[in-house]
$ cat model-v3.txt   # compact mmCIF, C-alpha atoms and all ligand atoms
# COMPACT_ATOMS: atom_id res chain seq x y z
CA MET I 1 -79.99 2.04 -158.48
CA SER I 2 -79.10 5.37 -160.09
CA SER I 3 -77.36 8.05 -158.04
CA GLN I 4 -80.55 10.16 -158.16
CA GLU I 5 -82.56 7.26 -156.72
CA LEU I 6 -79.94 6.83 -154.02
CA LEU I 7 -80.12 10.52 -153.19
CA TYR I 8 -83.93 10.24 -153.16
CA HIS I 9 -83.87 7.61 -150.45
CA ILE I 10 -81.16 8.88 -148.05
CA ASN I 11 -82.28 10.07 -144.63
CA ASP I 12 -80.82 13.58 -144.94
CA PRO I 13 -83.11 16.07 -146.70
CA VAL I 14 -81.64 17.31 -150.00
CA ILE I 15 -82.92 20.14 -152.22
CA VAL I 16 -81.35 21.09 -155.56
CA THR I 17 -82.25 24.32 -157.35
CA ASP I 18 -80.97 25.84 -160.59
CA THR I 19 -79.29 29.24 -160.93
CA ASN I 20 -82.72 30.93 -160.94
CA GLN I 21 -83.67 29.23 -157.68
CA GLN I 22 -86.15 26.96 -159.42
CA ILE I 23 -86.59 23.48 -158.07
CA VAL I 24 -84.63 20.79 -159.88
CA PHE I 25 -84.89 17.98 -157.35
CA PHE I 26 -85.74 17.17 -153.73
CA ASN I 27 -85.71 13.85 -151.99
CA ALA I 28 -88.25 12.03 -149.85
CA ALA I 29 -86.79 13.33 -146.58
CA ALA I 30 -87.02 16.96 -147.78
CA GLN I 31 -90.56 16.34 -148.95
CA GLN I 32 -91.48 15.07 -145.53
CA VAL I 33 -89.89 17.80 -143.37
CA PHE I 34 -91.12 20.68 -145.54
CA GLN I 35 -94.44 18.95 -146.33
CA LEU I 36 -93.92 19.41 -150.07
CA PRO I 37 -96.32 18.29 -152.82
CA PRO I 38 -95.21 15.42 -155.11
CA SER I 39 -92.03 16.43 -156.89
CA HIS I 40 -93.32 16.08 -160.49
CA THR I 41 -95.88 18.81 -159.77
CA VAL I 42 -93.32 21.39 -158.63
CA VAL I 43 -90.10 20.75 -160.55
CA GLY I 44 -89.22 23.91 -162.47
CA ARG I 45 -91.19 26.19 -160.16
CA PRO I 46 -89.52 28.87 -157.97
CA LEU I 47 -88.43 27.45 -154.62
CA ARG I 48 -90.00 30.42 -152.84
CA ASP I 49 -93.46 29.49 -154.10
CA ILE I 50 -93.16 26.03 -152.62
CA VAL I 51 -91.06 26.32 -149.46
CA ARG I 52 -91.75 29.18 -147.08
CA HIS I 53 -89.57 28.26 -144.11
CA PRO I 54 -87.79 31.53 -143.16
CA ASP I 55 -84.56 29.80 -142.02
CA LEU I 56 -84.20 28.06 -145.37
CA LEU I 57 -84.94 31.18 -147.40
CA ALA I 58 -82.44 33.16 -145.29
CA LEU I 59 -79.77 30.65 -146.28
CA TYR I 60 -80.42 31.49 -149.95
CA ASP I 61 -80.64 35.22 -149.34
CA GLU I 62 -77.48 35.84 -147.34
CA ASP I 63 -74.40 35.56 -149.50
CA SER I 64 -72.08 35.09 -146.57
CA MET I 65 -74.07 32.24 -145.03
CA GLN I 66 -73.34 28.70 -146.06
CA ARG I 67 -74.41 26.84 -142.99
CA SER I 68 -77.38 27.53 -140.85
CA GLU I 69 -79.80 25.87 -138.49
CA ILE I 70 -83.30 25.18 -139.71
CA ALA I 71 -85.67 24.77 -136.81
CA PHE I 72 -89.04 22.99 -136.76
CA PRO I 73 -91.22 22.62 -133.65
CA GLN I 74 -89.96 19.09 -132.99
CA GLN I 75 -86.72 18.95 -134.98
CA VAL I 76 -83.60 20.97 -135.69
CA PHE I 77 -81.46 20.52 -138.83
CA MET I 78 -78.06 21.86 -139.75
CA ALA I 79 -78.25 22.82 -143.43
CA GLN I 80 -75.23 23.18 -145.69
CA LEU I 81 -75.61 25.18 -148.90
CA THR I 82 -73.18 24.58 -151.74
CA THR I 83 -73.20 26.74 -154.87
CA LEU I 84 -72.06 25.12 -158.09
CA ASP I 85 -71.24 27.55 -160.91
CA ASP I 86 -73.62 27.30 -163.87
CA VAL I 87 -75.56 24.52 -162.13
CA GLY I 88 -77.28 26.09 -159.12
CA THR I 89 -77.29 25.22 -155.47
CA ILE I 90 -77.60 22.09 -153.42
CA ILE I 91 -78.77 22.05 -149.83
CA VAL I 92 -78.09 19.06 -147.64
CA MET I 93 -79.61 18.97 -144.15
CA HIS I 94 -78.55 16.91 -141.20
CA ASP I 95 -80.76 16.18 -138.19
CA VAL I 96 -79.09 17.68 -135.07
CA THR I 97 -82.14 17.52 -132.78
CA GLN I 98 -80.54 15.05 -130.40
CA GLN I 99 -77.31 17.07 -130.28
CA ARG I 100 -79.23 20.27 -129.46
CA ARG I 101 -81.12 18.50 -126.66
CA ILE I 102 -77.84 17.28 -125.18
CA ASP I 103 -76.36 20.81 -125.51
CA LEU I 104 -79.34 22.23 -123.65
CA VAL I 105 -79.12 19.69 -120.83
CA ARG I 106 -75.36 20.17 -120.61
CA GLY I 107 -75.74 23.97 -120.55
CA ASN I 108 -78.31 23.81 -117.77
CA PHE I 109 -76.19 21.32 -115.87
CA ILE I 110 -73.09 23.51 -116.05
CA ALA I 111 -75.05 26.61 -115.05
CA THR I 112 -76.61 24.84 -112.05
CA VAL I 113 -73.39 23.21 -110.88
CA SER I 114 -71.47 26.47 -111.28
CA GLN I 115 -74.01 28.32 -109.17
CA ASP I 116 -74.03 25.56 -106.55
CA ILE I 117 -70.25 25.46 -106.30
CA ARG I 118 -69.84 29.21 -106.05
CA GLY I 119 -71.53 29.36 -102.64
CA PRO I 120 -69.24 26.90 -100.86
CA LEU I 121 -66.20 28.41 -102.61
CA THR I 122 -67.06 31.84 -101.26
CA ALA I 123 -67.46 30.31 -97.80
CA ILE I 124 -64.01 28.65 -98.05
CA LEU I 125 -62.43 31.95 -99.07
CA GLY I 126 -64.22 33.77 -96.25
CA TYR I 127 -63.00 31.33 -93.58
CA MET I 128 -59.48 31.32 -95.01
CA GLU I 129 -59.35 35.10 -94.69
CA LEU I 130 -60.66 34.83 -91.12
CA LEU I 131 -58.08 32.27 -89.98
CA GLU I 132 -55.38 34.84 -89.39
CA ARG I 133 -57.76 36.99 -87.34
CA VAL I 134 -58.61 34.30 -84.80
CA GLY I 135 -55.02 33.50 -83.92
CA PRO I 136 -51.50 33.92 -85.23
CA LEU I 137 -50.39 31.54 -87.99
CA ASN I 138 -46.86 30.29 -88.34
CA GLU I 139 -45.10 30.67 -91.65
CA GLN I 140 -45.95 27.20 -92.90
CA GLN I 141 -49.62 27.60 -92.01
CA ARG I 142 -49.70 30.94 -93.81
CA ASP I 143 -48.15 29.27 -96.84
CA PHE I 144 -50.83 26.55 -96.78
CA VAL I 145 -53.61 29.12 -96.47
CA GLY I 146 -52.15 30.97 -99.46
CA ARG I 147 -52.20 27.75 -101.50
CA VAL I 148 -55.82 27.03 -100.60
CA ILE I 149 -56.85 30.56 -101.58
CA PHE I 150 -54.96 30.23 -104.86
CA GLY I 151 -56.67 26.88 -105.55
CA VAL I 152 -60.11 28.31 -104.84
CA HIS I 153 -59.46 31.23 -107.19
CA SER I 154 -58.41 28.75 -109.90
CA ILE I 155 -61.67 26.81 -109.52
CA ALA I 156 -63.65 30.06 -109.64
CA ALA I 157 -61.79 31.12 -112.81
CA MET I 158 -62.47 27.74 -114.38
CA LEU I 159 -66.18 28.01 -113.57
CA SER I 160 -66.45 31.42 -115.15
CA ASN I 161 -64.59 30.18 -118.26
CA LEU I 162 -67.01 27.26 -118.51
CA MET I 163 -69.99 29.60 -118.22
CA GLU I 164 -68.45 31.89 -120.82
CA LEU I 165 -67.99 29.00 -123.23
CA GLU I 166 -71.55 27.81 -122.70
CA LYS I 167 -72.87 31.28 -123.44
CA LEU I 168 -70.77 31.47 -126.59
CA GLU I 169 -71.94 28.09 -127.77
CA ALA I 170 -75.52 29.17 -127.28
CA ASP I 171 -74.59 32.21 -129.41
CA LEU I 172 -76.02 34.65 -126.87
CA ASP I 173 -75.09 38.32 -126.57
CA MET I 174 -74.01 38.55 -130.16
CA GLU I 175 -75.09 42.06 -130.96
CA ARG I 176 -72.68 43.53 -133.46
CA SER I 177 -71.45 47.04 -134.16
CA PRO I 178 -68.39 48.61 -135.82
CA VAL I 179 -65.45 47.97 -133.50
CA HIS I 180 -62.05 49.70 -133.49
CA MET I 181 -59.66 46.88 -132.63
CA ALA I 182 -56.94 49.40 -131.74
CA GLN I 183 -59.07 50.72 -128.88
CA ILE I 184 -59.72 47.22 -127.61
CA VAL I 185 -56.06 46.24 -127.71
CA GLU I 186 -54.99 49.43 -125.93
CA TYR I 187 -57.66 48.96 -123.29
CA VAL I 188 -56.66 45.35 -122.60
CA LEU I 189 -52.95 46.21 -122.50
CA GLU I 190 -53.68 48.93 -119.97
CA SER I 191 -55.54 46.49 -117.75
CA TYR I 192 -52.60 44.07 -117.80
CA GLN I 193 -49.92 46.68 -117.29
CA ARG I 194 -49.51 45.88 -113.59
CA ARG I 195 -49.25 42.14 -114.20
CA MET I 196 -46.52 42.78 -116.76
CA GLU I 197 -44.66 45.08 -114.39
CA GLU I 198 -44.84 42.45 -111.65
CA LYS I 199 -43.20 39.93 -113.99
CA ARG I 200 -40.85 42.62 -115.32
CA HIS I 201 -42.01 41.90 -118.87
CA GLN I 202 -40.94 44.22 -121.59
CA CYS I 203 -43.91 44.98 -123.79
CA GLU I 204 -43.58 46.37 -127.27
CA VAL I 205 -46.71 47.57 -129.03
CA TRP I 206 -47.11 48.44 -132.69
CA ILE I 207 -50.52 49.59 -133.86
CA GLU I 208 -51.03 50.74 -137.44
CA ALA I 209 -52.97 54.00 -137.77
CA ASP I 210 -56.48 54.26 -139.24
CA ILE I 211 -57.34 50.57 -139.44
CA ALA I 212 -60.86 49.89 -140.70
CA THR I 213 -63.40 48.72 -138.15
CA VAL I 214 -64.50 45.15 -137.62
CA GLN I 215 -68.21 44.38 -137.54
CA GLY I 216 -68.35 42.58 -134.24
CA ASN I 217 -69.24 42.32 -130.62
CA PRO I 218 -66.91 44.55 -128.57
CA ILE I 219 -67.35 42.55 -125.36
CA ARG I 220 -66.50 39.27 -127.04
CA LEU I 221 -63.57 40.77 -128.94
CA ARG I 222 -62.20 42.16 -125.71
CA GLN I 223 -62.51 38.74 -124.09
CA MET I 224 -60.55 37.30 -126.98
CA VAL I 225 -57.70 39.80 -126.68
CA ASN I 226 -57.78 39.38 -122.89
CA HIS I 227 -57.23 35.63 -123.07
CA LEU I 228 -54.38 35.96 -125.58
CA ILE I 229 -52.54 38.66 -123.63
CA GLU I 230 -53.11 36.82 -120.37
CA ASN I 231 -51.60 33.64 -121.86
CA ALA I 232 -48.60 35.53 -123.20
CA ILE I 233 -47.95 36.88 -119.69
CA LYS I 234 -48.72 33.58 -117.95
CA TYR I 235 -46.48 31.45 -120.13
CA THR I 236 -43.56 33.88 -120.26
CA PRO I 237 -41.11 33.77 -117.37
CA GLU I 238 -39.95 36.91 -115.59
CA ASN I 239 -37.98 39.48 -117.61
CA GLY I 240 -39.51 38.09 -120.81
CA HIS I 241 -40.55 39.98 -123.87
CA ILE I 242 -44.03 40.41 -125.34
CA ARG I 243 -44.81 42.06 -128.65
CA VAL I 244 -48.30 43.09 -129.74
CA GLU I 245 -48.93 44.07 -133.34
CA LEU I 246 -52.15 45.26 -134.95
CA TYR I 247 -52.17 45.91 -138.67
CA ALA I 248 -54.30 45.75 -141.81
CA GLU I 249 -53.88 43.50 -144.83
CA SER I 250 -56.32 44.02 -147.70
CA THR I 251 -59.77 43.60 -146.13
CA PHE I 252 -58.53 42.05 -142.88
CA VAL I 253 -57.29 43.23 -139.51
CA LEU I 254 -54.50 41.12 -138.06
CA LEU I 255 -53.51 40.92 -134.43
CA THR I 256 -50.27 39.14 -133.58
CA ILE I 257 -49.17 38.53 -130.01
CA THR I 258 -45.66 37.18 -129.70
CA ASP I 259 -43.84 36.13 -126.55
CA ASN I 260 -40.50 34.55 -125.80
CA GLY I 261 -41.93 32.23 -123.15
CA ILE I 262 -42.06 28.48 -122.66
CA GLY I 263 -43.45 27.75 -126.14
CA ILE I 264 -45.50 24.77 -127.28
CA ALA I 265 -44.14 21.50 -128.70
CA PRO I 266 -44.96 21.17 -132.44
CA ASP I 267 -47.00 17.97 -132.00
CA GLU I 268 -49.29 19.82 -129.57
CA HIS I 269 -50.10 22.83 -131.78
CA GLY I 270 -53.15 21.03 -133.16
CA TYR I 271 -54.67 20.41 -129.74
CA ILE I 272 -54.31 23.63 -127.78
CA PHE I 273 -57.57 25.11 -129.12
CA ALA I 274 -59.54 22.09 -127.91
CA LYS I 275 -61.55 22.35 -124.71
CA PHE I 276 -59.62 21.48 -121.53
CA TYR I 277 -56.36 20.78 -123.37
CA ARG I 278 -53.22 22.01 -121.66
CA ALA I 279 -49.84 21.36 -123.26
CA SER I 280 -47.54 19.01 -121.37
CA ASN I 281 -45.17 21.81 -120.36
CA ALA I 282 -47.96 24.10 -119.09
CA ASN I 283 -48.60 22.37 -115.80
CA ASP I 284 -45.03 22.89 -114.60
CA SER I 285 -45.37 26.64 -114.55
CA THR I 286 -49.00 27.62 -114.13
CA THR I 287 -52.54 26.60 -113.35
CA GLY I 288 -55.29 26.93 -115.90
CA SER I 289 -58.45 25.35 -117.17
CA GLY I 290 -57.48 24.78 -120.79
CA LEU I 291 -60.60 26.70 -121.85
CA GLY I 292 -59.15 30.11 -122.73
CA LEU I 293 -58.08 29.28 -126.28
CA SER I 294 -61.34 27.40 -126.98
CA ILE I 295 -63.16 30.61 -126.05
CA VAL I 296 -60.79 32.64 -128.24
CA LYS I 297 -61.28 30.31 -131.22
CA MET I 298 -65.02 30.35 -130.86
CA ILE I 299 -65.12 34.16 -130.75
CA VAL I 300 -62.83 34.39 -133.79
CA GLU I 301 -65.01 31.97 -135.74
CA GLN I 302 -68.19 33.79 -134.77
CA HIS I 303 -66.59 36.85 -136.39
CA ASN I 304 -65.75 34.84 -139.54
CA GLY I 305 -62.06 35.10 -138.71
CA ARG I 306 -59.14 32.73 -138.41
CA ILE I 307 -56.54 32.07 -135.73
CA TRP I 308 -53.26 30.23 -135.88
CA VAL I 309 -50.18 29.67 -133.78
CA GLU I 310 -46.48 29.48 -134.49
CA SER I 311 -44.41 28.30 -131.60
CA GLN I 312 -41.17 26.62 -130.63
CA LEU I 313 -40.57 24.90 -127.35
CA ASN I 314 -38.57 27.06 -124.93
CA LYS I 315 -38.30 29.83 -127.54
CA GLY I 316 -41.75 31.41 -127.53
CA SER I 317 -45.12 31.56 -129.20
CA SER I 318 -46.89 33.78 -131.66
CA PHE I 319 -50.69 33.81 -131.97
CA THR I 320 -52.27 35.58 -134.95
CA VAL I 321 -55.93 36.46 -135.29
CA MET I 322 -57.28 37.57 -138.67
CA LEU I 323 -60.67 39.31 -138.76
CA PRO I 324 -62.54 40.62 -141.82
CA THR I 325 -63.16 44.40 -141.82
P1 LIG Z 401 -55.01 27.58 -119.93
O1 LIG Z 401 -56.08 27.87 -118.95
O2 LIG Z 401 -54.32 26.29 -119.65
O3 LIG Z 401 -54.06 28.71 -120.12
P2 LIG Z 401 -55.77 27.95 -122.73
O4 LIG Z 401 -56.91 27.30 -123.43
O5 LIG Z 401 -55.72 29.42 -122.68
O6 LIG Z 401 -55.78 27.31 -121.29
O7 LIG Z 401 -54.46 27.41 -123.43
C1 LIG Z 401 -54.34 26.04 -123.73
C2 LIG Z 401 -52.89 25.64 -123.65
O8 LIG Z 401 -52.14 26.25 -124.71
C3 LIG Z 401 -52.21 26.09 -122.37
O9 LIG Z 401 -52.44 25.20 -121.32
C4 LIG Z 401 -50.75 26.10 -122.81
O10 LIG Z 401 -50.24 24.80 -122.78
C5 LIG Z 401 -50.83 26.53 -124.26
N1 LIG Z 401 -50.58 27.98 -124.44
C6 LIG Z 401 -51.49 28.94 -124.67
N2 LIG Z 401 -50.89 30.15 -124.83
C7 LIG Z 401 -49.58 29.93 -124.70
C8 LIG Z 401 -48.42 30.78 -124.78
N3 LIG Z 401 -48.51 32.09 -125.03
N4 LIG Z 401 -47.20 30.19 -124.60
C9 LIG Z 401 -47.09 28.87 -124.36
N5 LIG Z 401 -48.13 28.02 -124.28
C10 LIG Z 401 -49.37 28.54 -124.45
$ encode --input "model-v3.txt" --output "C-alpha cells"
Amino acid sequence: MSSQELLYHINDPVIVTDTNQQIVFFNAAAQQVFQLPPSHTVVGRPLRDIVRHPDLLALYDEDSMQRSEIAFPQQVFMAQLTTLDDVGTIIVMHDVTQQRRIDLVRGNFIATVSQDIRGPLTAILGYMELLERVGPLNEQQRDFVGRVIFGVHSIAAMLSNLMELEKLEADLDMERSPVHMAQIVEYVLESYQRRMEEKRHQCEVWIEADIATVQGNPIRLRQMVNHLIENAIKYTPENGHIRVELYAESTFVLLTITDNGIGIAPDEHGYIFAKFYRASNANDSTTGSGLGLSIVKMIVEQHNGRIWVESQLNKGSSFTVMLPT
C-alpha cells in the first residue's frame, strides 16, 4: 500500500493544500466529517470553495494559530496545521469528543463539590470562632483550635485553586487588552508587603522603564504574578531575600523572581508544574495544594509565553516568565 493510500484510510481527518490554498489531497475521514464531494472532482480547487467550516478557515487565516478546535454538533476535533515551505499546508485532526465530555463532567463535578464543601467549611470556621466565647480555653485547646482553623483555610484555598484551574481550562474570561506588566508587578508586591515584613524578607525590585505592553488578560496575569510571589515568600525562611526583576528583551517581557529559600531538587524540576505535585521538601515547611504553578503555567501558555525554573536545593529558586509584547 502506498503512503498516500495509508493516509487515505487512517481514522484522523487529513487535508493537504498547496501554497495557494488549493486542495491537493484529503482522506476518507476528512471527506466524511466535512461532507466533501469525491476528491477527483475538487482537487486543484480553492479550499474555501469546498470547505466552509469557520473554525477550519480561521486556522488558515490566523498566522499565529497552529492548533485549534474544530467543533461539529456531535463531535469535536483538535486540528494541527503544519506549513511546509514551497509545498503548502497539511492539517491533521484528532477526535477529542470523548475528552471534552469528560472535561465537562469533571468541571461540573468540581464546581458542585466545591460549592457543597464550602457550606460545611464555613460552619466549622464559625463554630471554631465561637468556642472561645462560650468558655475559656486552655493553651493547648487554643492551639488545637488554631490548627483546625488553619486546616480549614487550606482546604478553602485548595478549592478556589481548583475552581480557578477549571475556569482556565475552559478558557473563560479571556478578554485581552494591552497590559503594563510593571503596574501588575508593583500592585502585587504592594499586596504582599505585609507578608514579607512578617517574615522579615528583604525584597529587591528592579523594573526597567518604558517596557512595551503585553496583549493579555490583566486579571489572569495578576493571578500569575500573585502565585509566583506567594511561592517565593512561602518557600523562603525568615530573613530571606527575594529579588523581582522585570525587563525587556527584543519583543519579549521577562519577569524573574528569585529567592534564597528551600529550593527544589534537580530531579523534581520537571514535575512542579504538574497538577497537585509538591516537591518532597515542600511538605516540611508549608501547606499547599500543588496547583499554583499549574495555574501559572496555563496562564503563561494562554499568553503564548514560556516559563522555566532554575533552582538548587537549600540555595534558592528563580522562576522566569517570558511573554511576547
Ligand atoms: P503549592 O500549593 O504546593 O505551593 P505550587 O503548584 O505553587 O503548589 O508549587 C508546586 C511545588 O513547587 C511546591 O509544592 C514546591 O515544592 C515547589 N515550589 C514552587 N515555588 C517554589 C519556590 N519559590 N521555592 C521552592 N519550591 C517551590
$ residues_near_ligand --input "model-v3.txt" --ligand "ligand LIG 401 (chain Z)" --cutoff "6 Å" --atoms "only C-alpha atoms and all ligand atoms" --output "compact mmCIF listing (two decimals) with C-alpha atoms, in the frame of the given file"
# COMPACT_ATOMS: atom_id res chain seq x y z
CA ASN I 231 -51.60 33.64 -121.86
CA ALA I 232 -48.60 35.53 -123.20
CA TYR I 235 -46.48 31.45 -120.13
CA GLY I 261 -41.93 32.23 -123.15
CA ILE I 262 -42.06 28.48 -122.66
CA GLY I 263 -43.45 27.75 -126.14
CA ILE I 264 -45.50 24.77 -127.28
CA ILE I 272 -54.31 23.63 -127.78
CA TYR I 277 -56.36 20.78 -123.37
CA ARG I 278 -53.22 22.01 -121.66
CA ALA I 279 -49.84 21.36 -123.26
CA ALA I 282 -47.96 24.10 -119.09
CA GLY I 288 -55.29 26.93 -115.90
CA SER I 289 -58.45 25.35 -117.17
CA GLY I 290 -57.48 24.78 -120.79
CA LEU I 291 -60.60 26.70 -121.85
CA GLY I 292 -59.15 30.11 -122.73
CA LEU I 293 -58.08 29.28 -126.28
CA SER I 294 -61.34 27.40 -126.98
CA SER I 317 -45.12 31.56 -129.20
$ axis_aligned_box --input "model-v3.txt" --around "segment 265-280 of chain I" --padding-each-side "4 Å" --output "lines of an AutoDock Vina configuration file"
center_x = -52.8
center_y = 21.5
center_z = -127.3
size_x = 25.4
size_y = 15.1
size_z = 19.8
$ atom_distance --input "model-v3.txt" --atom1 "atom CA of Val244 of chain I" --atom2 "atom CA of Gly305 of chain I"
18.3 Å
$ residues_around --input "model-v3.txt" --residues "segment 90-106 of chain I" --least-positions-apart "3" --cutoff "6 Å" --atoms "all atoms listed in the file" --output "JSON, numbers by chain"
{"I": [12, 13, 14, 15, 16, 75, 76, 77, 78, 79, 80, 81, 82, 109]}
$ residues_around --input "model-v3.txt" --residues "Ala123 of chain I" --least-positions-apart "6" --cutoff "12 Å" --atoms "only C-alpha atoms" --output "ChimeraX atom specification"
/I:116-117,129-130,149,152
$ atom_distance --input "model-v3.txt" --atom1 "atom CA of Val24 of chain I" --atom2 "atom CA of His40 of chain I"
9.9 Å
$ atom_distance --input "model-v3.txt" --atom1 "atom CA of Met322 of chain I" --atom2 "atom CA of Asn217 of chain I"
15.2 Å
$ closest_residue --input "model-v3.txt" --among "I:Ser191, I:Gln141, I:Ser177, I:Thr41" --to "Val225 of chain I" --atoms "all atoms listed in the file"
I:Ser191
$ closest_residue --input "model-v3.txt" --among "I:Ala28, I:Ile257, I:Ile23, I:Ala71" --to "Asn11 of chain I" --atoms "only C-alpha atoms"
I:Ala28
$ residues_around --input "model-v3.txt" --residues "Glu230 of chain I" --least-positions-apart "2" --cutoff "12 Å" --atoms "only C-alpha atoms" --output "list of chain:residue names"
I:Val188, I:Leu189, I:Ser191, I:Tyr192, I:Gln193, I:Arg194, I:Arg195, I:Met196, I:Arg222, I:Gln223, I:Met224, I:Val225, I:Asn226, I:His227, I:Leu228, I:Ala232, I:Ile233, I:Lys234, I:Tyr235, I:Thr236, I:Ile242, I:Ile257, I:Thr258, I:Asp259, I:Thr286, I:Gly288, I:Gly292, I:Leu293, I:Val296
$ residues_around --input "model-v3.txt" --residues "Val51 of chain I" --least-positions-apart "4" --cutoff "8 Å" --atoms "all atoms listed in the file" --output "PDB file with C-alpha atoms, in the frame of the given file"
ATOM      1  CA  PHE I  34     -91.120  20.680-145.540  1.00  0.00           C
ATOM      2  CA  LEU I  36     -93.920  19.410-150.070  1.00  0.00           C
ATOM      3  CA  LEU I  47     -88.430  27.450-154.620  1.00  0.00           C
TER       4      LEU I  47
END
$ residues_around --input "model-v3.txt" --residues "Glu186 of chain I" --least-positions-apart "4" --cutoff "10 Å" --atoms "all atoms listed in the file" --output "tab-separated table (two decimals) with C-alpha atoms, in the coordinates of the input"
chain	number	residue	atom	x	y	z
I	181	MET	CA	-59.66	46.88	-132.63
I	182	ALA	CA	-56.94	49.40	-131.74
I	190	GLU	CA	-53.68	48.93	-119.97
I	191	SER	CA	-55.54	46.49	-117.75
I	205	VAL	CA	-46.71	47.57	-129.03
I	207	ILE	CA	-50.52	49.59	-133.86
I	244	VAL	CA	-48.30	43.09	-129.74
$ closest_residue --input "model-v3.txt" --among "I:Arg243, I:Arg220, I:Lys315, I:Arg52" --to "Val300 of chain I" --atoms "all atoms listed in the file"
I:Arg220
$ closest_residue --input "model-v3.txt" --among "I:Val145, I:Pro37, I:Glu268, I:Val214" --to "Gln312 of chain I" --atoms "all atoms listed in the file"
I:Glu268
$ closest_residue --input "model-v3.txt" --among "I:Pro54, I:Arg67, I:Thr320, I:Leu162" --to "Lys275 of chain I" --atoms "only C-alpha atoms"
I:Leu162
